[in-house]
file protein-v9.txt (compact mmCIF, C-alpha atoms)
# COMPACT_ATOMS: atom_id res chain seq x y z
CA MET A 884 -138.19 -52.83 -58.75
CA THR A 885 -140.00 -53.55 -55.55
CA ALA A 886 -143.73 -52.98 -55.82
CA ARG A 887 -145.31 -50.55 -53.32
CA ARG A 888 -147.93 -52.22 -51.17
CA ASP A 889 -151.23 -50.37 -51.34
CA PRO A 890 -151.89 -49.30 -47.72
CA ARG A 891 -155.54 -48.72 -48.51
CA MET A 892 -156.12 -52.45 -48.75
CA HIS A 893 -154.54 -53.64 -45.50
CA ALA A 894 -153.09 -52.08 -42.40
CA PRO A 895 -150.80 -53.56 -39.74
CA PHE A 896 -152.64 -54.79 -36.66
CA ARG A 897 -151.40 -56.53 -33.56
CA GLY A 898 -151.93 -60.23 -33.97
CA GLY A 899 -152.25 -60.20 -37.77
CA TRP A 900 -153.89 -58.12 -40.48
CA ARG A 901 -157.31 -56.59 -40.77
CA ALA A 902 -159.18 -55.18 -43.68
CA VAL A 903 -159.67 -51.42 -43.97
CA ARG A 904 -161.84 -49.31 -46.28
CA THR A 905 -160.78 -49.25 -49.93
CA ASP A 906 -162.53 -45.98 -50.88
CA SER A 907 -160.20 -43.03 -51.52
CA PRO A 908 -160.50 -39.91 -49.38
CA TRP A 909 -162.00 -36.99 -51.28
CA ALA A 910 -158.78 -35.03 -50.85
CA GLU A 911 -156.83 -37.85 -52.56
CA ARG A 912 -159.22 -37.86 -55.50
CA VAL A 913 -158.81 -34.09 -55.88
CA LEU A 914 -155.00 -34.35 -55.79
CA ASN A 915 -155.07 -37.12 -58.41
CA GLU A 916 -156.96 -34.82 -60.74
CA LEU A 917 -154.29 -32.10 -60.65
CA GLY A 918 -152.44 -33.75 -63.54
CA ALA A 919 -149.01 -34.35 -61.95
CA HIS A 920 -146.69 -37.00 -63.37
CA PRO A 921 -148.03 -40.42 -62.25
CA ALA A 922 -144.79 -41.51 -60.58
CA PHE A 923 -144.53 -38.28 -58.57
CA ALA A 924 -148.20 -38.33 -57.66
CA ASP A 925 -147.98 -42.00 -56.59
CA ALA A 926 -145.01 -41.27 -54.32
CA VAL A 927 -146.69 -38.29 -52.64
CA LEU A 928 -150.11 -39.88 -52.27
CA GLY A 929 -148.66 -43.20 -51.18
CA ASP A 930 -146.75 -41.60 -48.31
CA LEU A 931 -149.85 -39.67 -47.26
CA ALA A 932 -151.96 -42.82 -47.35
CA GLU A 933 -149.49 -44.84 -45.27
CA GLU A 934 -149.30 -42.16 -42.59
CA ARG A 935 -153.09 -41.84 -42.60
CA VAL A 936 -153.52 -45.54 -41.91
CA ARG A 937 -151.01 -45.37 -39.06
CA LEU A 938 -152.74 -42.39 -37.49
CA GLU A 939 -156.13 -44.03 -37.87
CA GLU A 940 -154.88 -46.98 -35.82
CA GLN A 941 -153.35 -44.77 -33.14
CA ASN A 942 -155.70 -41.78 -32.88
CA GLY A 943 -158.91 -42.76 -34.58
CA SER A 944 -160.58 -42.07 -37.93
CA PHE A 945 -161.51 -38.44 -37.30
CA ALA A 946 -157.97 -37.35 -36.33
CA ALA A 947 -156.52 -39.23 -39.31
CA ARG A 948 -158.90 -37.62 -41.77
CA TRP A 949 -158.19 -34.15 -40.40
CA TRP A 950 -154.45 -34.70 -40.71
CA TYR A 951 -154.84 -36.04 -44.24
CA ALA A 952 -156.91 -33.08 -45.38
CA ARG A 953 -154.38 -30.63 -43.94
CA GLU A 954 -151.39 -32.35 -45.52
CA ALA A 955 -153.21 -32.74 -48.83
CA PHE A 956 -153.75 -28.99 -48.91
CA ARG A 957 -150.06 -28.41 -48.22
CA SER A 958 -149.08 -30.88 -50.97
CA ALA A 959 -151.32 -29.34 -53.64
CA PRO A 960 -148.83 -26.60 -54.74
CA HIS A 961 -146.07 -29.20 -55.26
CA LEU A 962 -148.36 -31.40 -57.36
CA MET A 963 -149.54 -28.40 -59.37
CA TRP A 964 -145.94 -27.32 -60.05
CA ASN A 965 -145.07 -30.87 -61.16
CA ALA A 966 -148.13 -30.91 -63.44
CA MET A 967 -147.00 -27.63 -65.04
CA ARG A 968 -143.49 -29.00 -65.68
CA HIS A 969 -144.07 -32.69 -66.42
CA GLY A 970 -147.79 -33.17 -66.92
CA GLY A 971 -147.85 -32.07 -70.53
CA ARG A 972 -150.62 -30.08 -72.17
CA ARG A 973 -153.28 -31.93 -70.20
CA GLY A 974 -151.62 -31.23 -66.84
CA ARG A 975 -151.16 -27.54 -67.60
CA ALA A 976 -154.78 -27.26 -68.70
CA ARG A 977 -156.00 -28.81 -65.45
CA VAL A 978 -153.89 -26.46 -63.34
CA ALA A 979 -155.12 -23.43 -65.32
CA ALA A 980 -158.73 -24.53 -64.84
CA LEU A 981 -158.21 -25.01 -61.11
CA LEU A 982 -156.60 -21.57 -60.71
CA ALA A 983 -159.48 -19.97 -62.61
CA LEU A 984 -161.95 -21.73 -60.34
CA VAL A 985 -160.16 -20.49 -57.22
CA ALA A 986 -160.14 -16.93 -58.59
CA LEU A 987 -163.88 -17.11 -59.18
CA VAL A 988 -164.69 -17.96 -55.55
CA PRO A 989 -164.38 -14.37 -54.15
CA THR A 990 -166.26 -13.02 -57.16
CA ALA A 991 -169.04 -15.54 -56.63
CA ALA A 992 -169.25 -14.58 -52.96
CA LEU A 993 -169.50 -10.90 -53.89
CA ILE A 994 -172.20 -11.56 -56.46
CA ALA A 995 -174.13 -13.67 -53.95
CA SER A 996 -173.94 -10.81 -51.45
CA LEU A 997 -175.17 -8.30 -54.03
CA VAL A 998 -178.04 -10.38 -55.35
CA ARG A 999 -179.16 -11.17 -51.81
CA ASN A 1000 -180.40 -7.57 -51.51
CA GLY A 1001 -183.00 -6.36 -53.92
CA PRO A 1002 -183.47 -2.83 -55.28
CA PRO A 1003 -184.79 -0.10 -52.95
CA ALA A 1004 -188.49 -0.57 -52.28
CA ARG A 1005 -189.38 1.71 -49.37
CA LEU A 1006 -188.07 4.31 -46.93
CA GLY A 1007 -188.43 4.41 -43.14
CA GLY A 1008 -187.48 6.94 -40.50
CA VAL A 1009 -184.70 6.38 -37.98
CA GLY A 1010 -185.48 7.48 -34.41
CA GLY A 1011 -189.23 7.54 -34.90
CA ASP A 1012 -192.17 5.42 -35.97
CA ALA A 1013 -194.63 5.57 -38.81
CA ALA A 1014 -197.55 6.57 -36.58
CA TYR A 1015 -195.87 9.32 -34.56
CA GLY A 1016 -192.94 10.52 -36.60
CA ILE A 1017 -189.49 11.82 -35.71
CA VAL A 1018 -189.02 13.98 -32.60
CA VAL A 1019 -186.28 16.60 -32.87
CA ASN A 1020 -185.06 18.06 -29.56
CA ASN A 1021 -181.99 19.76 -31.02
CA VAL A 1022 -181.64 23.53 -31.16
CA ARG A 1023 -178.71 23.40 -33.58
CA PRO A 1024 -179.17 21.91 -37.08
CA VAL A 1025 -179.40 18.13 -37.09
CA GLN A 1026 -179.29 15.53 -39.86
CA LEU A 1027 -182.43 13.47 -40.40
CA GLU A 1028 -181.76 9.81 -41.09
CA MET A 1029 -183.82 7.50 -43.26
CA GLN A 1030 -183.58 3.75 -43.71
CA VAL A 1031 -183.62 2.41 -47.25
CA LEU A 1032 -185.10 -1.09 -47.45
CA ASP A 1033 -185.67 -3.58 -50.24
CA LYS A 1034 -188.88 -5.54 -50.71
CA ALA A 1035 -187.72 -8.25 -48.29
CA GLY A 1036 -186.85 -5.70 -45.58
CA HIS A 1037 -183.06 -5.85 -46.04
CA LEU A 1038 -181.29 -2.64 -45.03
CA LEU A 1039 -179.53 -0.90 -47.93
CA LYS A 1040 -177.19 2.09 -48.15
CA SER A 1041 -179.05 5.36 -47.68
CA HIS A 1042 -176.97 7.52 -50.03
CA GLY A 1043 -178.94 9.75 -52.35
CA VAL A 1044 -182.09 10.30 -50.26
CA ARG A 1045 -183.48 13.80 -50.88
CA TYR A 1046 -185.75 15.83 -48.61
CA GLN A 1047 -188.20 18.70 -48.95
CA TRP A 1048 -190.77 20.43 -46.78
CA ALA A 1049 -194.29 19.28 -47.66
CA SER A 1050 -196.71 20.86 -45.17
CA GLY A 1051 -197.27 21.98 -41.58
CA ALA A 1052 -194.99 24.21 -39.55
CA PRO A 1053 -192.51 26.09 -41.77
CA ILE A 1054 -189.34 24.36 -40.60
CA ALA A 1055 -186.05 24.80 -42.42
CA ILE A 1056 -184.77 21.63 -44.13
CA SER A 1057 -182.03 21.24 -46.71
CA PRO A 1058 -182.23 18.84 -49.70
CA SER A 1059 -179.79 16.54 -47.88
CA GLY A 1060 -182.03 16.39 -44.78
CA VAL A 1061 -180.46 18.88 -42.36
CA VAL A 1062 -183.36 20.28 -40.30
CA THR A 1063 -183.35 23.28 -37.97
CA CYS A 1064 -186.03 23.56 -35.29
CA THR A 1065 -186.32 27.08 -33.87
CA GLN A 1066 -189.71 26.61 -32.20
CA ASP A 1067 -192.34 24.00 -31.40
CA GLY A 1068 -194.23 22.76 -34.43
CA ASP A 1069 -195.25 19.75 -36.46
CA ALA A 1070 -194.30 19.46 -40.10
CA THR A 1071 -194.49 16.89 -42.86
CA VAL A 1072 -191.27 16.23 -44.77
CA ARG A 1073 -191.12 14.27 -48.01
CA ALA A 1074 -188.16 11.93 -48.40
CA SER A 1075 -187.46 10.44 -51.82
CA LEU A 1076 -184.99 8.14 -53.51
CA GLY A 1077 -185.61 8.01 -57.23
CA PRO A 1078 -189.23 6.95 -57.75
CA ILE A 1079 -189.65 5.95 -54.09
CA ALA A 1080 -191.08 8.59 -51.76
CA THR A 1081 -192.60 8.72 -48.31
CA ASP A 1082 -193.96 11.43 -46.02
CA VAL A 1083 -192.46 11.68 -42.54
CA ALA A 1084 -193.90 13.63 -39.61
CA VAL A 1085 -191.23 15.77 -37.95
CA ARG A 1086 -192.07 16.95 -34.42
CA CYS A 1087 -189.95 19.97 -33.55
CA ARG A 1088 -189.53 20.07 -29.77
CA PRO A 1089 -186.28 22.02 -29.30
CA VAL A 1090 -184.79 21.86 -25.80
CA GLN A 1091 -182.91 24.95 -24.69
CA GLU A 1092 -181.79 23.60 -21.29
CA VAL A 1093 -181.80 20.40 -19.27
CA GLN A 1094 -182.34 21.32 -15.63
CA SER A 1095 -181.46 18.85 -12.92
CA THR A 1096 -180.68 18.61 -9.24
CA SER A 1097 -177.02 18.79 -8.31
CA TRP A 1098 -177.19 15.29 -6.85
CA ILE A 1099 -179.44 12.38 -6.04
CA ASP A 1100 -178.97 10.63 -2.68
CA PHE A 1101 -179.58 7.00 -1.82
CA VAL A 1102 -179.14 4.79 1.19
CA ALA A 1103 -177.75 1.38 0.29
CA GLY A 1104 -180.64 -0.95 -0.50
CA ASP A 1105 -183.03 1.77 -1.70
CA PRO A 1106 -185.17 1.01 -4.77
CA ALA A 1107 -184.64 2.66 -8.15
CA ARG A 1108 -185.72 6.27 -8.55
CA HIS A 1109 -186.52 8.44 -11.57
CA LEU A 1110 -183.68 10.67 -12.72
CA PRO A 1111 -184.33 14.16 -11.31
CA PHE A 1112 -184.24 16.34 -14.44
CA LYS A 1113 -186.57 18.25 -16.73
CA ALA A 1114 -186.14 19.65 -20.23
CA ILE A 1115 -186.99 23.31 -20.86
CA GLY A 1116 -187.96 24.47 -24.33
CA VAL A 1117 -187.06 27.67 -26.15
CA ASP A 1118 -190.31 29.21 -24.85
CA GLY A 1119 -189.33 28.50 -21.22
CA ARG A 1120 -191.88 25.73 -20.80
CA PRO A 1121 -191.17 22.07 -19.98
CA VAL A 1122 -190.84 19.72 -22.94
CA THR A 1123 -192.33 16.26 -22.43
CA GLN A 1124 -191.70 14.66 -25.84
CA LEU A 1125 -188.05 13.73 -25.50
CA ARG A 1126 -185.53 11.61 -27.33
CA GLY A 1127 -182.24 11.20 -25.50
CA SER A 1128 -179.92 8.98 -23.55
CA ALA A 1129 -178.14 8.68 -20.22
CA ARG A 1130 -174.92 7.07 -19.03
CA VAL A 1131 -173.50 6.25 -15.59
CA ILE A 1132 -169.80 6.92 -15.07
CA ASP A 1133 -169.26 4.07 -12.58
CA SER A 1134 -171.80 1.28 -12.95
CA SER A 1135 -170.46 -0.50 -9.86
CA VAL A 1136 -172.02 2.24 -7.70
CA ALA A 1137 -175.31 2.71 -9.58
CA THR A 1138 -176.96 1.44 -12.74
CA LEU A 1139 -179.63 2.72 -15.09
CA VAL A 1140 -183.00 1.00 -15.39
CA GLY A 1141 -184.77 2.76 -18.24
CA SER A 1142 -185.14 6.39 -17.15
CA SER A 1143 -184.51 5.48 -13.49
CA ILE A 1144 -181.33 4.90 -11.55
CA ARG A 1145 -180.76 2.18 -8.96
CA PRO A 1146 -178.00 2.10 -6.30
CA ARG A 1147 -175.67 -0.89 -6.24
CA ALA A 1148 -172.94 -0.11 -3.70
CA VAL A 1149 -171.83 2.59 -1.27
CA GLY A 1150 -169.88 5.28 -3.10
CA GLU A 1151 -170.07 8.21 -5.49
CA THR A 1152 -170.55 8.38 -9.23
CA ALA A 1153 -172.37 10.58 -11.72
CA VAL A 1154 -174.94 10.22 -14.46
CA ASP A 1155 -174.95 12.30 -17.64
CA VAL A 1156 -178.31 12.97 -19.30
CA PHE A 1157 -178.40 13.94 -22.99
CA VAL A 1158 -181.46 15.43 -24.72
CA GLY A 1159 -180.96 16.82 -28.21
CA ASP A 1160 -177.76 18.88 -28.05
CA ARG A 1161 -178.15 19.73 -24.36
CA SER A 1162 -177.05 17.75 -21.31
CA ALA A 1163 -177.02 17.65 -17.51
CA HIS A 1164 -174.56 16.18 -15.01
CA ILE A 1165 -175.95 14.71 -11.77
CA GLN A 1166 -173.89 13.37 -8.89
CA VAL A 1167 -175.12 10.04 -7.52
CA ILE A 1168 -174.32 9.38 -3.85
CA VAL A 1169 -175.03 6.10 -2.07
CA HIS A 1170 -174.76 6.26 1.74
CA ASP A 1171 -173.95 3.42 4.10
CA LEU A 1172 -176.59 2.86 6.80
CA VAL A 1173 -175.00 3.04 10.28
CA ARG A 1174 -176.41 3.05 13.82
CA THR A 1175 -174.70 6.25 15.03
CA LEU A 1176 -172.78 9.22 13.69
CA GLU A 1177 -170.25 9.11 16.53
CA GLY A 1178 -166.83 7.52 16.24
CA LEU A 1179 -166.80 7.39 12.42
CA HIS A 1180 -163.62 6.13 10.79
CA SER A 1181 -161.77 8.30 8.28
CA ASN A 1182 -162.97 6.14 5.38
CA GLN A 1183 -166.64 6.47 6.38
CA ARG A 1184 -167.41 9.50 4.23
CA LEU A 1185 -170.96 8.61 3.17
CA VAL A 1186 -173.15 7.48 6.06
CA ALA A 1187 -176.77 7.74 7.15
CA VAL A 1188 -178.88 6.89 10.21
CA SER A 1189 -182.53 5.90 10.13
CA VAL A 1190 -185.14 8.38 11.34
CA HIS A 1191 -188.51 7.26 12.75
CA LEU A 1192 -190.49 9.94 14.57
CA ALA A 1193 -194.07 9.73 15.80
CA ARG A 1194 -196.01 12.87 16.62
CA GLY A 1195 -194.27 14.79 19.42
CA ASP A 1196 -191.02 12.76 19.13
CA THR A 1197 -187.51 14.19 18.95
CA ALA A 1198 -184.16 12.57 18.22
CA GLN A 1199 -180.63 13.92 18.63
CA TRP A 1200 -177.23 12.86 17.27
CA ALA A 1201 -173.71 14.08 17.93
CA LEU A 1202 -172.03 15.26 14.74
CA PRO A 1203 -168.46 14.42 13.71
CA LYS A 1204 -165.85 17.14 13.44
CA GLY A 1205 -164.98 18.48 9.99
CA VAL A 1206 -166.73 19.78 6.89
CA PHE A 1207 -169.71 17.92 5.41
CA TRP A 1208 -173.12 18.15 3.81
CA LEU A 1209 -175.88 17.41 6.30
CA LYS A 1210 -178.97 16.04 4.55
CA TYR A 1211 -182.39 14.70 5.39
CA LEU A 1212 -183.82 12.13 2.92
CA PRO A 1213 -187.57 11.40 3.23
CA ARG A 1214 -188.56 7.78 2.78
CA ARG A 1215 -191.86 8.54 1.01
CA SER A 1216 -192.39 11.00 -1.79
CA GLY A 1217 -194.40 14.04 -0.78
CA GLU A 1218 -193.58 13.78 2.92
CA PRO A 1219 -192.12 17.02 4.37
CA PRO A 1220 -189.02 16.80 6.57
CA PRO A 1221 -189.18 17.16 10.37
CA THR A 1222 -187.91 20.28 12.08
CA ILE A 1223 -184.10 20.21 11.95
CA THR A 1224 -181.91 22.28 14.27
CA VAL A 1225 -178.20 22.22 15.00
CA GLY A 1226 -176.38 23.35 18.13
CA GLY A 1227 -172.88 23.72 19.48
CA ALA A 1228 -169.69 24.66 17.67
CA ILE A 1229 -171.19 24.43 14.17
CA ALA A 1230 -171.65 26.84 11.26
CA CYS A 1231 -173.90 25.95 8.32
CA THR A 1232 -174.61 27.67 4.97
CA PRO A 1233 -176.76 26.81 1.92
CA GLY A 1234 -173.65 25.88 -0.07
CA ASP A 1235 -169.88 25.87 -0.23
CA GLY A 1236 -169.70 29.36 -1.76
CA MET A 1237 -168.25 28.10 -5.05
CA ARG A 1238 -171.38 27.13 -6.99
CA VAL A 1239 -175.16 27.08 -6.86
CA TYR A 1240 -176.64 23.79 -5.76
CA ARG A 1241 -180.07 22.47 -6.67
CA LEU A 1242 -181.32 20.10 -3.97
CA PRO A 1243 -183.63 17.22 -4.84
CA LEU A 1244 -187.31 17.95 -4.28
CA GLU A 1245 -188.36 17.45 -0.63
CA GLU A 1246 -184.75 16.93 0.47
CA PHE A 1247 -183.10 19.14 3.10
CA GLY A 1248 -179.41 19.92 2.80
CA THR A 1249 -176.92 22.32 4.33
CA TYR A 1250 -173.15 22.71 4.20
CA CYS A 1251 -171.63 22.60 7.71
CA LEU A 1252 -168.36 23.07 9.54
CA VAL A 1253 -168.12 21.46 12.97
CA ARG A 1254 -165.29 22.68 15.17
CA PRO A 1255 -163.41 20.47 17.67
CA ALA A 1256 -165.70 21.51 20.51
CA GLY A 1257 -168.42 19.39 18.90
CA ALA A 1258 -172.03 19.90 17.81
CA THR A 1259 -175.38 18.13 17.67
CA VAL A 1260 -178.35 17.91 15.32
CA THR A 1261 -181.91 17.52 16.56
CA LEU A 1262 -184.92 16.32 14.55
CA ALA A 1263 -188.42 16.93 15.88
CA HIS A 1264 -191.90 15.98 14.66
CA GLY A 1265 -194.76 18.22 15.80
CA TRP A 1266 -198.20 17.25 17.01
CA THR A 1267 -199.81 17.77 13.60
CA GLY A 1268 -199.21 16.31 10.17
CA ALA A 1269 -198.37 12.70 9.43
CA LEU A 1270 -198.66 10.12 12.18
CA VAL A 1271 -195.06 9.05 11.58
CA VAL A 1272 -192.14 10.73 9.81
CA GLU A 1273 -189.61 8.31 8.35
CA GLY A 1274 -186.42 8.89 6.45
CA SER A 1275 -182.65 9.11 6.84
CA LEU A 1276 -180.25 11.70 8.21
CA ALA A 1277 -177.22 11.54 5.94
CA ILE A 1278 -173.72 12.98 6.02
CA GLU A 1279 -171.45 13.49 3.00
CA ARG A 1280 -168.07 14.33 4.50
CA VAL A 1281 -165.96 16.72 2.45
CA GLU A 1282 -162.93 16.57 4.74
CA HIS A 1283 -162.25 15.06 8.14
CA GLU A 1284 -159.72 15.08 10.94
call {"tool": "encode", "arguments": {"input": "protein-v9.txt", "output": "structure tokens"}}
result
Amino acid sequence: MTARRDPRMHAPFRGGWRAVRTDSPWAERVLNELGAHPAFADAVLGDLAEERVRLEEQNGSFAARWWYAREAFRSAPHLMWNAMRHGGRRGRARVAALLALVALVPTAALIASLVRNGPPARLGGVGGDAAYGIVVNNVRPVQLEMQVLDKAGHLLKSHGVRYQWASGAPIAISPSGVVTCTQDGDATVRASLGPIATDVAVRCRPVQEVQSTSWIDFVAGDPARHLPFKAIGVDGRPVTQLRGSARVIDSSVATLVGSSIRPRAVGETAVDVFVGDRSAHIQVIVHDLVRTLEGLHSNQRLVAVSVHLARGDTAQWALPKGVFWLKYLPRRSGEPPPTITVGGAIACTPGDGMRVYRLPLEEFGTYCLVRPAGATVTLAHGWTGALVVEGSLAIERVEHE
């Protein structure tokens, strides 16, 4: 019989031989312990070792070790099967022990996950803070949510928390935490989970309606502006303590910055505002700043010209043919618009006759039809009031020729 050369002792090298490490890879030591028949184990491990040495010469130590570990893993089932058949009682015992160890790994991971979290230690409100409490803007019943935490602050499952009214305004609350706010009022609710209990302030501020303008207009490059809406309570008065959200339909046109909206590109989108179980839908229009309103192309639907009028000044522009909203946008809040008059073959109304429009505060808007004969718009600033009136005259074309 020809003896197998141990490749762990020497490896072929151009120009002679060179010594290599004699320590066994960890994967080889594990495979040796599986209990397979020595001859079968020697054949398998010998082939793996020879290939490992060759790869180490060609591709480096790291690549060789990675290949060896992968192939050792693939060889393990064959060695285990050989140990079961030819390894005797000792081989079968080793395989059984290894299989039991592998089965214990998921269990150990589950136990580690369970013991990482301790028992419930305290409760905390969701959507509020300890000092102020939870604000409820809903008119319909709404589920209160509590966080269950262990001593280390880990978040646990909140099943089983019970609720009851403790003091304050007589709000309706079910044992499971469904609260109904029919009017303004402050109440204290006790939440408990077994021996753990905490008092939570519930601020009932039901919102019956979210009122908003029909649109908000920008000229490209304008700064962010607060969303033009207000919440009205069940008593008809504005509600200032609000918990809600907002979303922009097309963020390429405009984006939200807190409770404000900022234009990004010329175009149209909308923003939805949600407060409690009420909402509002606001169109967002960003106009392109142009030098004149004459000779507009068919794709120039949203345009605006700058207005700068000193006392006694007037300015006039020819209007395009078609149907459009004609708007004046003041540059500074609180500044009234100049006197606006139209002339020629034009007919204007407060709206399109299909719905009621709410214009933004201090903004002028009218719905106009200009016939082919043409029309003009004139802006005039009187001899009293601000020294200068500044803003934009904007057009939102509905259809064009």
call {"tool": "closest_residue", "arguments": {"input": "protein-v9.txt", "among": "A:His1164, A:Val1102, A:Ala1107, A:Arg1254", "to": "Val1188 of chain A", "atoms": "all atoms listed in the file"}}
result
A:Val1102
call {"tool": "closest_residue", "arguments": {"input": "protein-v9.txt", "among": "A:Glu933, A:Asp1067, A:Asp1100, A:Asp1235", "to": "Val1169 of chain A", "atoms": "all atoms listed in the file"}}
result
A:Asp1100
call {"tool": "residues_near_point", "arguments": {"input": "protein-v9.txt", "point": "(-184.8, 20.4, -45.3)", "cutoff": "12 Å", "atoms": "all atoms listed in the file", "output": "number ranges by chain"}}
result
A: 1024-1028, 1044-1050, 1053-1064, 1070-1074, 1083, 1085
call {"tool": "closest_residue", "arguments": {"input": "protein-v9.txt", "among": "A:Ser1216, A:Thr1259, A:Gln1183, A:Thr1249", "to": "Ala1198 of chain A", "atoms": "all atoms listed in the file"}}
result
A:Thr1259
call {"tool": "closest_residue", "arguments": {"input": "protein-v9.txt", "among": "A:Gly1007, A:Pro1203, A:Gly1116, A:Gly1141", "to": "Ile1229 of chain A", "atoms": "all atoms listed in the file"}}
result
A:Pro1203
call {"tool": "closest_residue", "arguments": {"input": "protein-v9.txt", "among": "A:Trp949, A:Tyr1211, A:Tyr1015, A:Trp1200", "to": "Arg1086 of chain A", "atoms": "all atoms listed in the file"}}
result
A:Tyr1015
call {"tool": "closest_residue", "arguments": {"input": "protein-v9.txt", "among": "A:Val1186, A:Ser944, A:Gly1127, A:His1109", "to": "Arg1174 of chain A", "atoms": "only C-alpha atoms"}}
result
A:Val1186
call {"tool": "atom_distance", "arguments": {"input": "protein-v9.txt", "atom1": "atom CA of Gly1119 of chain A", "atom2": "atom CA of Leu1139 of chain A"}}
result
28.2 Å
call {"tool": "residues_around", "arguments": {"input": "protein-v9.txt", "residues": "Ile1165 of chain A", "least_positions_apart": "4", "cutoff": "10 Å", "atoms": "all atoms listed in the file", "output": "JSON, numbers by chain"}}
result
{"A": [1094, 1095, 1096, 1097, 1098, 1099, 1110, 1111, 1112, 1131, 1152, 1153, 1154, 1155, 1156]}
call {"tool": "axis_aligned_box", "arguments": {"input": "protein-v9.txt", "around": "segment 1042-1045 of chain A", "padding_each_side": "6 Å", "output": "JSON"}}
result
{"center_x": -180.2, "center_y": 10.7, "center_z": -51.2, "size_x": 18.5, "size_y": 18.3, "size_z": 14.3}
call {"tool": "atom_distance", "arguments": {"input": "protein-v9.txt", "atom1": "atom CA of Pro1003 of chain A", "atom2": "atom CA of Cys1087 of chain A"}}
result
28.4 Å
call {"tool": "residues_around", "arguments": {"input": "protein-v9.txt", "residues": "Ala1256 of chain A", "least_positions_apart": "6", "cutoff": "12 Å", "atoms": "only C-alpha atoms", "output": "JSON, numbers by chain"}}
result
{"A": [1201, 1202, 1203, 1204, 1205, 1226, 1227, 1228, 1229]}
call {"tool": "atom_distance", "arguments": {"input": "protein-v9.txt", "atom1": "atom CA of Ile1278 of chain A", "atom2": "atom CA of Asp1133 of chain A"}}
result
21.1 Å
call {"tool": "decode", "arguments": {"input": "protein-v9.txt", "residues": "segment 1184-1195 of chain A", "atoms": "N, CA and C atoms", "output": "CSV table (one decimal), in the first residue's frame"}}
result
chain,number,residue,atom,x,y,z
A,1184,ARG,N,-49.2,76.4,-18.0
A,1184,ARG,CA,-50.5,76.5,-17.3
A,1184,ARG,C,-50.4,77.3,-16.0
A,1185,LEU,N,-49.3,77.3,-15.4
A,1185,LEU,CA,-49.1,77.9,-14.1
A,1185,LEU,C,-48.0,78.9,-14.2
A,1186,VAL,N,-48.4,80.2,-14.3
A,1186,VAL,CA,-47.4,81.2,-14.5
A,1186,VAL,C,-47.8,82.4,-13.6
A,1187,ALA,N,-46.8,83.3,-13.3
A,1187,ALA,CA,-47.0,84.5,-12.5
A,1187,ALA,C,-46.0,85.5,-13.0
A,1188,VAL,N,-46.4,86.8,-12.9
A,1188,VAL,CA,-45.5,87.9,-13.1
A,1188,VAL,C,-45.3,88.7,-11.8
A,1189,SER,N,-44.2,89.3,-11.6
A,1189,SER,CA,-43.9,90.1,-10.4
A,1189,SER,C,-44.7,91.4,-10.5
A,1190,VAL,N,-45.1,91.9,-9.3
A,1190,VAL,CA,-45.8,93.2,-9.2
A,1190,VAL,C,-45.1,94.0,-8.2
A,1191,HIS,N,-44.7,95.3,-8.6
A,1191,HIS,CA,-44.0,96.2,-7.7
A,1191,HIS,C,-44.6,97.6,-8.0
A,1192,LEU,N,-45.5,98.1,-7.1
A,1192,LEU,CA,-46.2,99.3,-7.3
A,1192,LEU,C,-45.9,100.3,-6.2
A,1193,ALA,N,-45.4,101.5,-6.5
A,1193,ALA,CA,-45.3,102.5,-5.6
A,1193,ALA,C,-46.6,103.3,-5.5
A,1194,ARG,N,-46.7,104.2,-4.6
A,1194,ARG,CA,-47.9,105.0,-4.5
A,1194,ARG,C,-48.2,105.7,-5.8
A,1195,GLY,N,-49.5,105.6,-6.3
A,1195,GLY,CA,-49.8,106.2,-7.6
A,1195,GLY,C,-49.5,105.5,-8.8
